[in-house]
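Colleague: Quick one: the structure is below, and I'll ask about it shortly.
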Amino acid sequence: MTISPVQKRELSSVLVFSKEVKQALDERRPVVALESTIISHGMPYPKNIETAKSVEAAIREKGVVPATIAVIDGKIRVGLSDSDLEFLGQPNPAKTLMKLSRRDLAYALATRASGATTVAATMICAEIAGIQVFATGGIGGVHRGAEKTLDISADLQELAKTRVVVVCAGVKSILDIGLTLEVLETLGVPVFGYQTNIFPSFFSRESSFKVEYRFDHPAEIASVMNYQERLGLQGGLLIVNPIPQEHEIPHELMEKEIQKALELAHQKGIQGKAVTPFLLGTLVAMTQGKSLEANIALIHNNARLAAGLALAIHQA
Ligand code: PSU
Ligand code: MN
């Protein structure tokens, strides 16, 4: 997507940058985007707020500027203050804070609402803001049983449309990893393993699936991104970065809990965009926070790699 000057002017009233991010982009310094659904709907309070802040710190430590993205009072905010992060992370039982994917963005702006952006919506906002690299924990994908429910996250098609490099730790096995990889192939999304040949499954470095391509140095990805652009290919790149070994949770251990969480979701008739937050919340409760510690560790790991990629793209 190329943003014309007219569009840019029209966007300036809805896109609000923090001073730090604005300055970095103006001076063409590297910036890493971060999503906010992970804060509002992906992790429990108060660890969510703590993590949002420490992930930003990990990026700054690498000399890169973090830009957490959310919609607040009908404006797309790129770069948030600590009090914004606290606002997004407050317990939200009345669901006043929306979960915003591609289809919800325009509605949220039109109604002056506030909400957290998913991977899909964060990619859209990052691209229009001029940010090329984005770090998250796990992306959405094809849910188990999708042959009946057709529950496939809009994150996948966004990767095919919007040119942003997304760093994640694979997908949680609450999803069908094999089908997720098939859909990514169909959509033409390149998937790269960082120092691995295996597609990681979020809590575990392994799964029964391989990645097509492996890279060992950030500069290799900078070069692929460059060709993606030169060829005029729409869409981004998906980078999978396995969780550090010391934080891994064995696959078999999580599988039992995942089965129980899926069963509970089914019994309760959870549907639509509530499915992923329900499964994530149930898993944290079931594993007494063990999965939460792993989640936090892998996000930091992804943030550091994303910072490295932003630096490499910057130097290319
Ligand atoms: N997977 C996680 N943690 C998360 C999410 C997914 O392990 O926080 C969030 C991300 O914001 C992702 C969204 O974009 O859930 C996907 O939701 P859905 O399946 O409704 O598209
Ligand atoms: Mn869904």
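By order in the structure tokens, chains are A, B, ...; within a chain, residues start at 1; ligands start at 1, following the order shown.
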Compile the contact shell of Pro242 (chain A) as a list in words: residues with an atom at most 10 Å away, counting only C-alpha atoms, same-chain residues fewer than 3 positions apart removed.

Modeller: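 Contacts, in chain order: Cys168, Ala169, Gly170, Gly193, Tyr194, Gln195, Thr196, Ile198, Phe199, Pro200, Ser201, Phe202, Phe203, Ser204, Arg205, Glu206, Ile239, Gln245, Glu248, Leu298, Asn301 and Asn302 of chain A.
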
Colleague: Those selected residues, please, written with C-alpha atoms and delivered as a PDB file, in the first residue's frame.

Modeller:
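Once everything was written out, this is out_31.pdb:
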ATOM      1  CA  CYS A 168       6.446 -13.992  16.757  1.00  0.00           C
ATOM      2  CA  ALA A 169       7.176 -17.243  18.610  1.00  0.00           C
ATOM      3  CA  GLY A 170       5.048 -19.319  16.252  1.00  0.00           C
ATOM      4  CA  GLY A 193      12.748 -19.446  11.182  1.00  0.00           C
ATOM      5  CA  TYR A 194      15.349 -17.531  13.153  1.00  0.00           C
ATOM      6  CA  GLN A 195      18.212 -19.930  13.821  1.00  0.00           C
ATOM      7  CA  THR A 196      15.832 -22.853  13.497  1.00  0.00           C
ATOM      8  CA  ILE A 198      11.399 -26.012  12.938  1.00  0.00           C
ATOM      9  CA  PHE A 199       8.191 -24.012  13.210  1.00  0.00           C
ATOM     10  CA  PRO A 200       7.972 -23.309  16.965  1.00  0.00           C
ATOM     11  CA  SER A 201       4.721 -23.727  18.889  1.00  0.00           C
ATOM     12  CA  PHE A 202       4.899 -20.720  21.190  1.00  0.00           C
ATOM     13  CA  PHE A 203       5.508 -22.419  24.588  1.00  0.00           C
ATOM     14  CA  SER A 204       7.790 -24.975  22.973  1.00  0.00           C
ATOM     15  CA  ARG A 205      10.708 -24.588  20.547  1.00  0.00           C
ATOM     16  CA  GLU A 206       9.356 -27.504  18.566  1.00  0.00           C
ATOM     17  CA  ILE A 239       9.536 -14.407  11.356  1.00  0.00           C
ATOM     18  CA  GLN A 245      15.212 -22.990  26.021  1.00  0.00           C
ATOM     19  CA  GLU A 248      10.151 -23.765  27.415  1.00  0.00           C
ATOM     20  CA  LEU A 298       9.230 -15.028  24.664  1.00  0.00           C
ATOM     21  CA  ASN A 301      13.008 -12.400  23.113  1.00  0.00           C
ATOM     22  CA  ASN A 302      10.904 -11.342  20.108  1.00  0.00           C
TER      23      ASN A 302
END

Colleague: Applying 9 Å and only C-alpha atoms, which residues near Pro277 (chain A) remain after dropping the ones on its own chain fewer than 5 positions away? List them as a list in words.

Modeller: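 Counting only the stated atoms, we get His41, Gly42, Met43 and Thr282 of chain A.
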
Colleague: Output all heavy atoms for every residue in the selection just made, as an mmCIF file, in the first residue's frame.

Modeller:
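Produced file part-v2.cif, reproduced below:
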data_model
loop_
_atom_site.group_PDB
_atom_site.id
_atom_site.type_symbol
_atom_site.label_atom_id
_atom_site.label_comp_id
_atom_site.auth_asym_id
_atom_site.auth_seq_id
_atom_site.Cartn_x
_atom_site.Cartn_y
_atom_site.Cartn_z
ATOM 1 N N HIS A 41 -6.270 -7.938 26.210
ATOM 2 C CA HIS A 41 -7.062 -9.163 26.105
ATOM 3 C C HIS A 41 -6.232 -10.437 26.115
ATOM 4 O O HIS A 41 -6.762 -11.526 25.976
ATOM 5 C CB HIS A 41 -7.902 -9.154 24.817
ATOM 6 C CG HIS A 41 -8.802 -7.976 24.678
ATOM 7 N ND1 HIS A 41 -8.364 -6.760 24.207
ATOM 8 C CD2 HIS A 41 -10.115 -7.814 24.948
ATOM 9 C CE1 HIS A 41 -9.385 -5.914 24.187
ATOM 10 N NE2 HIS A 41 -10.449 -6.517 24.628
ATOM 11 N N GLY A 42 -4.902 -10.291 26.239
ATOM 12 C CA GLY A 42 -4.046 -11.473 26.105
ATOM 13 C C GLY A 42 -3.368 -11.896 27.388
ATOM 14 O O GLY A 42 -2.923 -13.040 27.513
ATOM 15 N N MET A 43 -3.257 -10.988 28.345
ATOM 16 C CA MET A 43 -2.531 -11.289 29.594
ATOM 17 C C MET A 43 -3.292 -10.707 30.770
ATOM 18 O O MET A 43 -3.918 -9.671 30.651
ATOM 19 C CB MET A 43 -1.175 -10.573 29.562
ATOM 20 C CG MET A 43 -0.133 -11.249 28.775
ATOM 21 S SD MET A 43 1.395 -10.392 29.181
ATOM 22 C CE MET A 43 2.495 -11.420 28.332
ATOM 23 N N THR A 282 -8.061 -18.782 30.048
ATOM 24 C CA THR A 282 -8.285 -20.075 30.692
ATOM 25 C C THR A 282 -6.962 -20.820 30.890
ATOM 26 O O THR A 282 -6.711 -21.407 31.941
ATOM 27 C CB THR A 282 -9.262 -20.927 29.850
ATOM 28 O OG1 THR A 282 -10.419 -20.143 29.605
ATOM 29 C CG2 THR A 282 -9.659 -22.204 30.567
#

Colleague: Using only C-alpha atoms and all ligand atoms, what are the residues with an atom within 10 Å of ligand 2, set out as a PyMOL selection string?

Modeller: chain A and resi 140-143+146+149-155+271-277

Colleague: Among region 72-293 of chain A, which residues does DSSP mark as helix (DSSP H, G or I) when it is run on the backbone? Keep the chain and numbering as in the structure and answer as JSON, numbers by chain.

Modeller: {"A": [82, 83, 84, 85, 86, 87, 88, 89, 102, 103, 104, 105, 106, 107, 108, 109, 110, 119, 120, 121, 122, 123, 124, 125, 126, 127, 128, 129, 146, 147, 148, 149, 154, 155, 156, 157, 158, 159, 160, 161, 177, 178, 179, 180, 181, 182, 183, 184, 185, 186, 218, 219, 220, 221, 222, 223, 224, 225, 226, 227, 228, 229, 230, 245, 246, 247, 251, 252, 253, 254, 255, 256, 257, 258, 259, 260, 261, 262, 263, 264, 265, 266, 267, 268, 272, 273, 274, 275, 276, 277, 278, 279, 280, 281, 282, 283, 284, 285, 286, 290, 291, 292, 293]}

Colleague: Looking at only C-alpha atoms and all ligand atoms, which of A:Glu158, A:Glu147, A:Glu86, A:Asp73 is the one that sits closest to ligand 1?

Modeller: A:Glu158

Colleague: For a quick check of understanding, using only C-alpha atoms, which of A:Ile174, A:Val65, A:Ile221, A:Leu88 has the smallest distance to Ala316 (chain A)?

Modeller: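 Checking each candidate against Ala316 (chain A), we get A:Ile221 as the closest.
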
Colleague: With a distance cut-off of 10 Å and only C-alpha atoms, select the neighbouring residues of Met123 (chain A), excluding the residue or stretch itself and same-chain residues fewer than 6 positions from it, and output the selection as a VMD selection string.

Modeller: chain A and resid 33 to 35 69 101 to 102 117 129 131 to 134 155 158 to 159 161 to 166 236

Colleague: Output C-alpha atoms for every residue in the selection just made, as a PDB file, in the first residue's frame.

Modeller:
ATOM      1  CA  ALA A  33       5.798  -1.460  16.500  1.00  0.00           C
ATOM      2  CA  LEU A  34       4.080  -3.369  19.318  1.00  0.00           C
ATOM      3  CA  GLU A  35       0.454  -4.484  19.554  1.00  0.00           C
ATOM      4  CA  ILE A  69      -0.158   1.045  18.985  1.00  0.00           C
ATOM      5  CA  SER A 101      -8.974  -6.217  14.131  1.00  0.00           C
ATOM      6  CA  ARG A 102      -9.115  -4.981  10.497  1.00  0.00           C
ATOM      7  CA  THR A 117      -5.227  -3.507  18.226  1.00  0.00           C
ATOM      8  CA  ALA A 129       2.766   5.193  10.150  1.00  0.00           C
ATOM      9  CA  ILE A 131       7.075   1.427  10.580  1.00  0.00           C
ATOM     10  CA  GLN A 132       8.453  -1.734   8.996  1.00  0.00           C
ATOM     11  CA  VAL A 133       9.041  -4.105  11.899  1.00  0.00           C
ATOM     12  CA  PHE A 134       6.572  -5.344  14.504  1.00  0.00           C
ATOM     13  CA  ASP A 155      -4.082 -11.882  11.061  1.00  0.00           C
ATOM     14  CA  GLU A 158      -3.240  -9.240   6.800  1.00  0.00           C
ATOM     15  CA  LEU A 159       0.201 -10.799   6.441  1.00  0.00           C
ATOM     16  CA  LYS A 161      -1.739  -7.636   2.314  1.00  0.00           C
ATOM     17  CA  THR A 162       0.376  -5.369   4.461  1.00  0.00           C
ATOM     18  CA  ARG A 163       4.124  -4.993   4.141  1.00  0.00           C
ATOM     19  CA  VAL A 164       5.409  -5.293   7.698  1.00  0.00           C
ATOM     20  CA  VAL A 165       7.897  -7.794   9.137  1.00  0.00           C
ATOM     21  CA  VAL A 166       6.150  -9.579  12.025  1.00  0.00           C
ATOM     22  CA  GLY A 236       4.769  -8.886   4.917  1.00  0.00           C
TER      23      GLY A 236
END

Colleague: So, with only C-alpha atoms and all ligand atoms as the atoms that count, which of A:Thr37, A:Asn197, A:Ser12, A:Thr96 lies closest to ligand 1?

Modeller: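 Nearest candidate to ligand 1 out of A:Thr37, A:Asn197, A:Ser12, A:Thr96: A:Thr37.
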
Colleague: Quick one: residues within 8 Å of region 58-62 of chain A, only C-alpha atoms, excluding same-chain residues fewer than 3 positions away - as a ChimeraX atom specification?

Modeller: /A:32,54-55,65-66,300,303-304,307-308

Colleague: Choose the residue, out of A:Lys256, A:Arg103, A:Arg214, A:His247, that has the smallest atom-to-atom separation from ligand 1; count only C-alpha atoms and all ligand atoms.

Modeller: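 Between A:Lys256, A:Arg103, A:Arg214, A:His247, the residue approaching ligand 1 most closely is A:Arg103.
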
Colleague: If I take CA of Leu305 (chain A) and CA of Gly138 (chain A), how far is one from the other in Å, to one decimal?

Modeller: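 Going from CA of Leu305 (chain A) over to CA of Gly138 (chain A), I get 14.3 Å.
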
Colleague: Closest to ligand 1 among A:Gln315, A:Ser291, A:Ser114, A:Ser207, using only C-alpha atoms and all ligand atoms?

Modeller: A:Ser291

Colleague: Just give me the gap between atom 3 (N, counted along the ligand's line) of ligand 1 and CA of Ile38 (chain A) in Å, one decimal is fine.

Modeller: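 We find that atom 3 (N, counted along the ligand's line) of ligand 1 and CA of Ile38 (chain A) lie 5.6 Å from each other.
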
Colleague: Mind pulling up the distance from CA of Leu292 (chain A) to atom 12 (C, counted along the ligand's line) of ligand 1?

Modeller: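 We find that atom 12 (C, counted along the ligand's line) of ligand 1 and CA of Leu292 (chain A) lie 15.9 Å from each other.
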
Colleague: List every residue of region 236-271 of chain A that DSSP, applied to the backbone, labels as strand (DSSP E or B), and write the result as a list in words.

Modeller: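 Matching residues for strand (DSSP E or B) in region 236-271 of chain A are Leu237, Leu238, Ile239 and Val240 of chain A.
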
Colleague: May I ask which of the residues A:His217, A:Arg144, A:Lys210, A:Arg230 is the closest one to ligand 1, counting only C-alpha atoms and all ligand atoms?

Modeller: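 Ranked by minimum distance to ligand 1, first place goes to A:Arg144.
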